[in-house]
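A quick write-up on the structure given underneath.
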Amino acid sequence: MSHDHHDHSDLSETELRVRALQTILMEKGYVEPAALDLLIETYEKKIGPRNGARVVAKAWCDPEYKKWLLTNANAAIASVGYAGRQGEHMMVLENTPKRHNMVVCTLCSCYPWPVLGLPPVWYKSAPYRSRAVADPRGVLREFGVELPKDMEIRVWDSTSEIRYLVLPMRPTGTDGWSEEHLADLVTRDSMIGTGLPKRPDEIAK
Amino acid sequence: MSHDHHDHSDLSETELRVRALQTILMEKGYVEPAALDLLIETYEKKIGPRNGARVVAKAWCDPEYKKWLLTNANAAIASVGYAGRQGEHMMVLENTPKRHNMVVCTLCSCYPWPVLGLPPVWYKSAPYRSRAVADPRGVLREFGVELPKDMEIRVWDSTSEIRYLVLPMRPTGTDGWSEEHLADLVTRDSMIGTGLPKRPDEIAK
Amino acid sequence: MNGAQDLGGMHGFGSVKPEPNEPPFHAEWERHAFALTLAMGIPGGWNIDMSRFARESLPPADYLAKSYYEIWLAGLEKLMAERGLVMPDEVEAGKPLHPAKPVTRTLKPGDVAQVLYRGAPTGRESATPARFKLGERVRAKNMHPRTHTRLPRYVRGHVGVIDSLHGCHVFPDSHALGKGENPQWLYTVAFDGRELWGADGDPAVKVSVDAWEPYLEPI
Amino acid sequence: MNGAQDLGGMHGFGSVKPEPNEPPFHAEWERHAFALTLAMGIPGGWNIDMSRFARESLPPADYLAKSYYEIWLAGLEKLMAERGLVMPDEVEAGKPLHPAKPVTRTLKPGDVAQVLYRGAPTGRESATPARFKLGERVRAKNMHPRTHTRLPRYVRGHVGVIDSLHGCHVFPDSHALGKGENPQWLYTVAFDGRELWGADGDPAVKVSVDAWEPYLEPI
């Protein structure tokens with residue numbers, strides 16, 4: 001592959017490098033293209049924050065399910081069909097009027113893939129990883145979230161294979177909503193703890 | 001100045017940038033070229049580790065001077081003619097058979113200019129700054145210095161405006177040598193603490 | 001190791017930049033860097049702790065300058081080179097220069113779904129009772145191994161409270177070195193913001209880490 | 001600040017590379033970066049603590065990727081821009097685009113020797129007695145200011161012994177912010193290697209830092 005810095009931007013150099021790697025790995029028989037395509041398709045199309053939103057909405061509607069989710073997250077989440085890689089040991093963290101939960105991985109970018117998909121760039125970035133544990137209130141402000149000064153902020157640094165999902169508080173004015181409808185209120189950020197669910201007036205009925 | 005990454009290496013880009021800066025500063029009347037030349041000449045030709053070597057050699061020959069140097073380094077060093085910027089508050093650290101001293105500045109690259117000149121690249125580098133305080137023995141090994149396991153290593157992190165100069169032990173086999181001759185044994189590294197003075201057989205008589 | 005990956009409490013990186021409607025990948029090469037990394041885990045035979053160490057031991061300036069998938073890529077190249085699977089000269093040349101190493105298994109398309117669904121659980125049978133109990137105050141050790149560890153610098157030396165017990169889990173510090181799973185009790189330990197950050201901390205903040213028993217000492 | 005400059009105890013930078021017969025400068029531009037930085041201190045009016053803060057607050061990836069004089073240069077550009085002396089568009093254009101700011105003093109060739117010989121001593125009259133005495137055990141505070149400080153992370157929270165007293169000196173944490181000299185007692189505090197690095201430390205090593213009184217607390 002070309003390493004001539006004068007011909008390519010850094011980006012296209014990386015592109016060429018990945019292409020070269022893939023060629024080498026295929027020619028050596030280490031990887032199969034169809035498997036690669038399936039991996040990409042899985043995380044690009046199938047597994048994403050809609051999974052977690054369904055779990056949250058179900059917990060909002062069903063007190064028994066919520067209890068199960070908070071005490072045995074893996075079983076409760078698997079019952080809806082989500083499990084596996086980077087979600088082998090789940091814990092669900094309930095937000096209350098007294099405590100707001102927020103998740104980070106300061107050492108790499110651990111994230112609950114089965115329920116949230118792949119992490120967003122900001123979650124993997126140095127600003128978030130460095131500041132979430134020392135200045136969570138400042139970080140929340142950058143997401144437009146201002147919490148009462150006396151509300152405890154509990155930050156969970158994902159330093160083991162335990163993966164955390166935040167269960168945000170159900171927005172008011174949603175009495176009688178269906179799970180599917182409630183799930184539309186559950187944003188990815190509200191399940192990381194850097195955001196809150198949408199208000200009913202923020203989504204089209 | 002050109003910011004075309006395709007035409008210049010990083011180095012020449014920096015060169016162009018410095019040249020541009022100098023032009024701007026001169027045209028704005030902030031700096032005078034003759035003063036710049038004098039600054040460069042001073043630290044390239046006049047002030048260097050030979051200064052410190054003379055101080056060390058003098059201390060090796062004159063017990064009274066040594067005592068003065070260890071108790072009032074500034075006055076003792078000024079008496080030989082060295083003083084000023086980045087050496088305003090000097091302390092001299094005596095190596096003994098029981099204690100080896102080593103100097104670092106983990107936070108930037110503080111260094112006693114009047115007696116040693118400008119710091120070498122390795123002193124300013126991340127490997128030295130990161131490891132000198134946590135693994136001085138390993139660092140010394142990279143300089144070819146192996147100290148007895150029970151010899152205390154005392155590392156001085158230059159976090160204030162105090163500047164440290166190590167007074168190494170006088171090599172054996174130098175009885176009756178002149179100060180000027182002894183100074184030839186005193187290496188820069190031996191006054192930082194990352195080296196030892198030369199042995200008599202290492203220099204031409 | 002005290003590498004550039006240990007970012008908790010560092011300053012100077014600027015503000016967090018959320019991206020509205022962010023896609024899972026931002027370029028075609030990211031898709032492939034992702035898929036190749038996942039797929040190579042099987043013939044490569046390394047574990048997740050070895051992968052993490054390969055990434056965090058990049059030179060700090062590189063680690064901080066690279067994007068996430070660039071770090072993955074550099075880690076993958078390192079892991080493969082260490083095992084003689086793909087050598088740097090081959091990546092430079094853009095084609096195989098050395099014979100393929102025999103590998104026992106590769107990822108078959110038909111196995112993808114199952115491999116992902118199964119994951120790699122790290123919980124193990126507990127052979128010993130837990131040393132610490134719920135609510136107990138413990139100190140995170142002041143330790144500075146040059147090898148892989150999951151105890152961030154910002155909690156070391158600080159006192160927290162055992163917030164939950166998770167049974168025994170594969171111990172990353174051993175696992176990353178190829179020294180086996182060496183399962184150890186895993187706890188969540190919660191620290192007060194002021195304990196971690198002194199007067200600069202927010203008194204209404206608590207921060208927890210998951211810590212294996214060898215990271216903790218009684219007080 | 002907990003920036004990339006705070007390198008003590010970090011891993012991953014590789015070995016120290018001594019250079020035999022190293023010259024004071026390695027390129028013509030280094031000479032000029034050096035001289036311009038020194039000379040601009042006079043019309044610029046910043047102090048050494050402001051200079052250090054300008055350098056250490058560079059984005060960490062930049063700080064670690066740049067060579068020493070490249071860091072100086074970036075710091076100089078920042079200091080000048082903050083004061084409207086030279087703006088970034090001028091550096092880009094390579095020529096002045098805005099009128100010079102009136103400055104009270106510049107470095108004259110005839111003053112160079114005296115300016116260097118005089119230096120900038122930081123010792124000040126002591127208005128108060130020292131709080132700590134020789135041999136006393138003290139703890140380095142667990143503090144994490146986002147502004148300039150000279151207490152490295154690796155000693156924070158640790159207990160050392162007062163090894164010497166140096167009288168009162170200009171306090172960098174105030175001085176860097178333009179809040180005056182605010183002189184404070186300065187001590188050398190020595191720590192055992194094992195106190196700083198735990199079981200990974202060398203028991204025959206002691207490390208000292210120079211610490212101003214506000215960095216220390218009694219135990």
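In the structure tokens, chains take letters A, B, ... by order of appearance, with residues numbered from 1 within each chain and ligands from 1 in the order shown.
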
(request) Please report, as an MDAnalysis selection string, each residue of range 48-138 of chain B to which DSSP assigns alpha helix (DSSP H) when run on this structure's backbone. (result) chainID B and resid 49:61 63:71 73:78 113:116 121:124 126:131 136:138

Contact residues (chain C, partner chain A, 7 Å, only C-alpha atoms) as a compact mmCIF listing (two decimals) with C-alpha atoms, in the first residue's frame:
# COMPACT_ATOMS: atom_id res chain seq x y z
CA GLN C 5 -6.08 5.29 28.31
CA ASP C 6 -6.47 6.10 32.00
CA LEU C 7 -8.35 9.32 31.37
CA GLY C 8 -10.48 9.75 34.48
CA GLY C 9 -9.89 13.19 36.01
CA MET C 10 -7.62 14.50 33.26
CA HIS C 11 -8.07 18.08 32.11
CA PHE C 13 -9.58 17.81 26.37
CA GLY C 14 -12.29 20.41 25.89
CA SER C 15 -16.01 19.95 25.84
CA VAL C 16 -18.07 16.88 24.99
CA LYS C 17 -19.49 17.10 21.48
CA PRO C 18 -22.77 15.21 21.09
CA GLU C 22 -25.18 9.89 14.84
CA PRO C 24 -23.12 3.66 13.88
CA TRP C 29 -13.28 1.79 6.64
CA ARG C 31 -17.19 -0.80 9.27
CA HIS C 32 -14.31 -2.99 8.18
CA ALA C 33 -12.01 -2.11 11.07
CA ALA C 35 -15.73 -6.35 11.63
CA LEU C 36 -12.11 -7.45 11.11
CA ALA C 39 -13.75 -11.70 13.37
CA MET C 40 -10.01 -12.03 14.05
CA PRO C 43 -8.45 -17.39 14.74
CA TYR C 68 -11.49 5.02 18.27
CA VAL C 91 0.62 -4.43 6.04
CA GLU C 92 3.12 -2.05 4.47
CA ALA C 93 3.22 -4.06 1.25
CA GLY C 94 -0.55 -4.47 1.20
CA LYS C 95 -0.32 -8.19 0.48
CA PRO C 96 0.74 -11.43 2.13
CA ALA C 100 -0.54 -18.14 6.57
CA THR C 106 -12.34 -19.01 11.89
CA LEU C 107 -15.65 -17.20 12.13
CA LYS C 108 -18.14 -18.86 9.74
CA PRO C 109 -21.07 -16.80 8.50
CA VAL C 112 -22.03 -15.14 13.62
CA LEU C 116 -22.58 -12.71 19.27
CA TYR C 117 -25.54 -13.97 21.25
CA ARG C 118 -23.36 -16.14 23.45
CA GLY C 119 -20.75 -13.46 24.10
CA ALA C 120 -17.99 -14.25 26.54
CA PRO C 121 -19.34 -14.27 30.10
CA ARG C 150 -8.57 -2.13 35.50
CA GLY C 201 -15.11 17.67 44.07
CA ALA C 204 -23.51 15.54 45.61
CA VAL C 205 -21.54 13.19 43.36
CA LYS C 206 -20.68 9.57 43.99
CA VAL C 207 -18.49 7.59 41.61
CA SER C 208 -18.19 3.83 41.53
CA VAL C 209 -15.79 1.46 39.89
CA ASP C 210 -15.97 -2.30 39.60

(request) Could you please select, counting only C-alpha atoms, the residues of chain D within 7 Å of chain C and state them as a VMD selection string? (result) chain D and resid 1 to 3 10 to 13 57 59 to 61 64 to 65 142 to 146 197 to 200

Would you mind exporting N, CA, C and O atoms of the selected residues as a PDB file, in the first residue's frame?
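Done, and the output landed in again-v4.pdb:
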ATOM      1  N   MET D   1      -3.331  22.121  36.648  1.00  0.00           N
ATOM      2  CA  MET D   1      -4.277  21.308  35.907  1.00  0.00           C
ATOM      3  C   MET D   1      -3.711  19.911  35.696  1.00  0.00           C
ATOM      4  O   MET D   1      -2.502  19.704  35.636  1.00  0.00           O
ATOM      5  N   ASN D   2      -4.632  18.950  35.588  1.00  0.00           N
ATOM      6  CA  ASN D   2      -4.228  17.578  35.318  1.00  0.00           C
ATOM      7  C   ASN D   2      -4.065  17.401  33.804  1.00  0.00           C
ATOM      8  O   ASN D   2      -4.832  16.695  33.154  1.00  0.00           O
ATOM      9  N   GLY D   3      -3.071  18.056  33.268  1.00  0.00           N
ATOM     10  CA  GLY D   3      -2.856  18.008  31.821  1.00  0.00           C
ATOM     11  C   GLY D   3      -1.807  16.989  31.443  1.00  0.00           C
ATOM     12  O   GLY D   3      -1.293  16.250  32.288  1.00  0.00           O
ATOM     13  N   MET D  10       3.781   8.099  34.714  1.00  0.00           N
ATOM     14  CA  MET D  10       3.102   7.566  33.530  1.00  0.00           C
ATOM     15  C   MET D  10       3.948   6.455  32.908  1.00  0.00           C
ATOM     16  O   MET D  10       5.167   6.440  33.027  1.00  0.00           O
ATOM     17  N   HIS D  11       3.253   5.552  32.224  1.00  0.00           N
ATOM     18  CA  HIS D  11       3.931   4.463  31.513  1.00  0.00           C
ATOM     19  C   HIS D  11       3.747   4.623  30.003  1.00  0.00           C
ATOM     20  O   HIS D  11       2.892   5.369  29.563  1.00  0.00           O
ATOM     21  N   GLY D  12       4.546   3.887  29.275  1.00  0.00           N
ATOM     22  CA  GLY D  12       4.273   3.737  27.841  1.00  0.00           C
ATOM     23  C   GLY D  12       5.066   4.645  26.928  1.00  0.00           C
ATOM     24  O   GLY D  12       4.860   4.628  25.717  1.00  0.00           O
ATOM     25  N   PHE D  13       5.988   5.426  27.491  1.00  0.00           N
ATOM     26  CA  PHE D  13       6.745   6.340  26.636  1.00  0.00           C
ATOM     27  C   PHE D  13       8.053   5.746  26.134  1.00  0.00           C
ATOM     28  O   PHE D  13       8.783   6.385  25.393  1.00  0.00           O
ATOM     29  N   SER D  57      -1.547  23.757  28.923  1.00  0.00           N
ATOM     30  CA  SER D  57      -2.960  23.701  28.569  1.00  0.00           C
ATOM     31  C   SER D  57      -3.173  23.455  27.082  1.00  0.00           C
ATOM     32  O   SER D  57      -4.299  23.508  26.595  1.00  0.00           O
ATOM     33  N   PRO D  59      -3.842  21.092  23.956  1.00  0.00           N
ATOM     34  CA  PRO D  59      -4.540  19.802  23.937  1.00  0.00           C
ATOM     35  C   PRO D  59      -3.519  18.677  24.185  1.00  0.00           C
ATOM     36  O   PRO D  59      -2.441  18.680  23.592  1.00  0.00           O
ATOM     37  N   PRO D  60      -3.854  17.741  25.082  1.00  0.00           N
ATOM     38  CA  PRO D  60      -2.871  16.722  25.464  1.00  0.00           C
ATOM     39  C   PRO D  60      -2.227  15.971  24.291  1.00  0.00           C
ATOM     40  O   PRO D  60      -1.025  15.696  24.325  1.00  0.00           O
ATOM     41  N   ALA D  61      -2.995  15.652  23.267  1.00  0.00           N
ATOM     42  CA  ALA D  61      -2.395  14.934  22.129  1.00  0.00           C
ATOM     43  C   ALA D  61      -1.328  15.798  21.463  1.00  0.00           C
ATOM     44  O   ALA D  61      -0.277  15.310  21.054  1.00  0.00           O
ATOM     45  N   LEU D  64       1.888  16.053  23.713  1.00  0.00           N
ATOM     46  CA  LEU D  64       2.738  14.862  23.686  1.00  0.00           C
ATOM     47  C   LEU D  64       3.381  14.635  22.317  1.00  0.00           C
ATOM     48  O   LEU D  64       4.411  13.982  22.213  1.00  0.00           O
ATOM     49  N   ALA D  65       2.763  15.162  21.269  1.00  0.00           N
ATOM     50  CA  ALA D  65       3.322  14.942  19.925  1.00  0.00           C
ATOM     51  C   ALA D  65       4.391  15.972  19.590  1.00  0.00           C
ATOM     52  O   ALA D  65       5.265  15.719  18.767  1.00  0.00           O
ATOM     53  N   ASN D 142      -5.064  16.358  48.339  1.00  0.00           N
ATOM     54  CA  ASN D 142      -5.736  15.801  47.175  1.00  0.00           C
ATOM     55  C   ASN D 142      -6.503  16.938  46.512  1.00  0.00           C
ATOM     56  O   ASN D 142      -7.640  17.224  46.855  1.00  0.00           O
ATOM     57  N   MET D 143      -5.846  17.617  45.580  1.00  0.00           N
ATOM     58  CA  MET D 143      -6.457  18.779  44.948  1.00  0.00           C
ATOM     59  C   MET D 143      -6.357  18.628  43.436  1.00  0.00           C
ATOM     60  O   MET D 143      -5.410  18.019  42.928  1.00  0.00           O
ATOM     61  N   HIS D 144      -7.330  19.159  42.738  1.00  0.00           N
ATOM     62  CA  HIS D 144      -7.391  18.993  41.285  1.00  0.00           C
ATOM     63  C   HIS D 144      -7.839  20.269  40.598  1.00  0.00           C
ATOM     64  O   HIS D 144      -8.826  20.269  39.859  1.00  0.00           O
ATOM     65  N   PRO D 145      -7.116  21.366  40.851  1.00  0.00           N
ATOM     66  CA  PRO D 145      -7.523  22.628  40.206  1.00  0.00           C
ATOM     67  C   PRO D 145      -7.392  22.505  38.684  1.00  0.00           C
ATOM     68  O   PRO D 145      -6.513  21.810  38.188  1.00  0.00           O
ATOM     69  N   ARG D 146      -8.280  23.175  37.972  1.00  0.00           N
ATOM     70  CA  ARG D 146      -8.185  23.141  36.499  1.00  0.00           C
ATOM     71  C   ARG D 146      -7.206  24.189  35.999  1.00  0.00           C
ATOM     72  O   ARG D 146      -6.917  24.274  34.823  1.00  0.00           O
ATOM     73  N   TRP D 197       4.372   4.661  45.356  1.00  0.00           N
ATOM     74  CA  TRP D 197       4.091   3.673  44.301  1.00  0.00           C
ATOM     75  C   TRP D 197       3.631   2.328  44.844  1.00  0.00           C
ATOM     76  O   TRP D 197       3.498   1.373  44.088  1.00  0.00           O
ATOM     77  N   GLY D 198       3.416   2.255  46.138  1.00  0.00           N
ATOM     78  CA  GLY D 198       2.941   1.006  46.717  1.00  0.00           C
ATOM     79  C   GLY D 198       3.966  -0.105  46.540  1.00  0.00           C
ATOM     80  O   GLY D 198       5.174   0.144  46.492  1.00  0.00           O
ATOM     81  N   ALA D 199       3.463  -1.323  46.441  1.00  0.00           N
ATOM     82  CA  ALA D 199       4.350  -2.476  46.346  1.00  0.00           C
ATOM     83  C   ALA D 199       5.188  -2.423  45.075  1.00  0.00           C
ATOM     84  O   ALA D 199       6.204  -3.104  44.960  1.00  0.00           O
ATOM     85  N   ASP D 200       4.752  -1.601  44.091  1.00  0.00           N
ATOM     86  CA  ASP D 200       5.519  -1.485  42.856  1.00  0.00           C
ATOM     87  C   ASP D 200       6.691  -0.512  42.998  1.00  0.00           C
ATOM     88  O   ASP D 200       7.454  -0.317  42.058  1.00  0.00           O
TER      89      ASP D 200
END

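Residue neighbourhood of Ala211 in chain D, excluding near-sequence residues (fewer than 4 positions): Ser158, Thr159 and Ser160 of chain B; Ala140, Arg150, Leu151, Pro152, Ile162, Leu165, Phe171, Gln184, Trp185, Leu186, Tyr187, Thr188, Val189, Tyr215 and Leu216 of chain D, at 10 Å, using only C-alpha atoms.
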
(request) Find the distance between CA of Arg137 in chain D and CA of Glu213 in chain D and write it in Å to one decimal. (result)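 Computing the Euclidean distance for CA of Arg137 in chain D and CA of Glu213 in chain D yields 13.1 Å.
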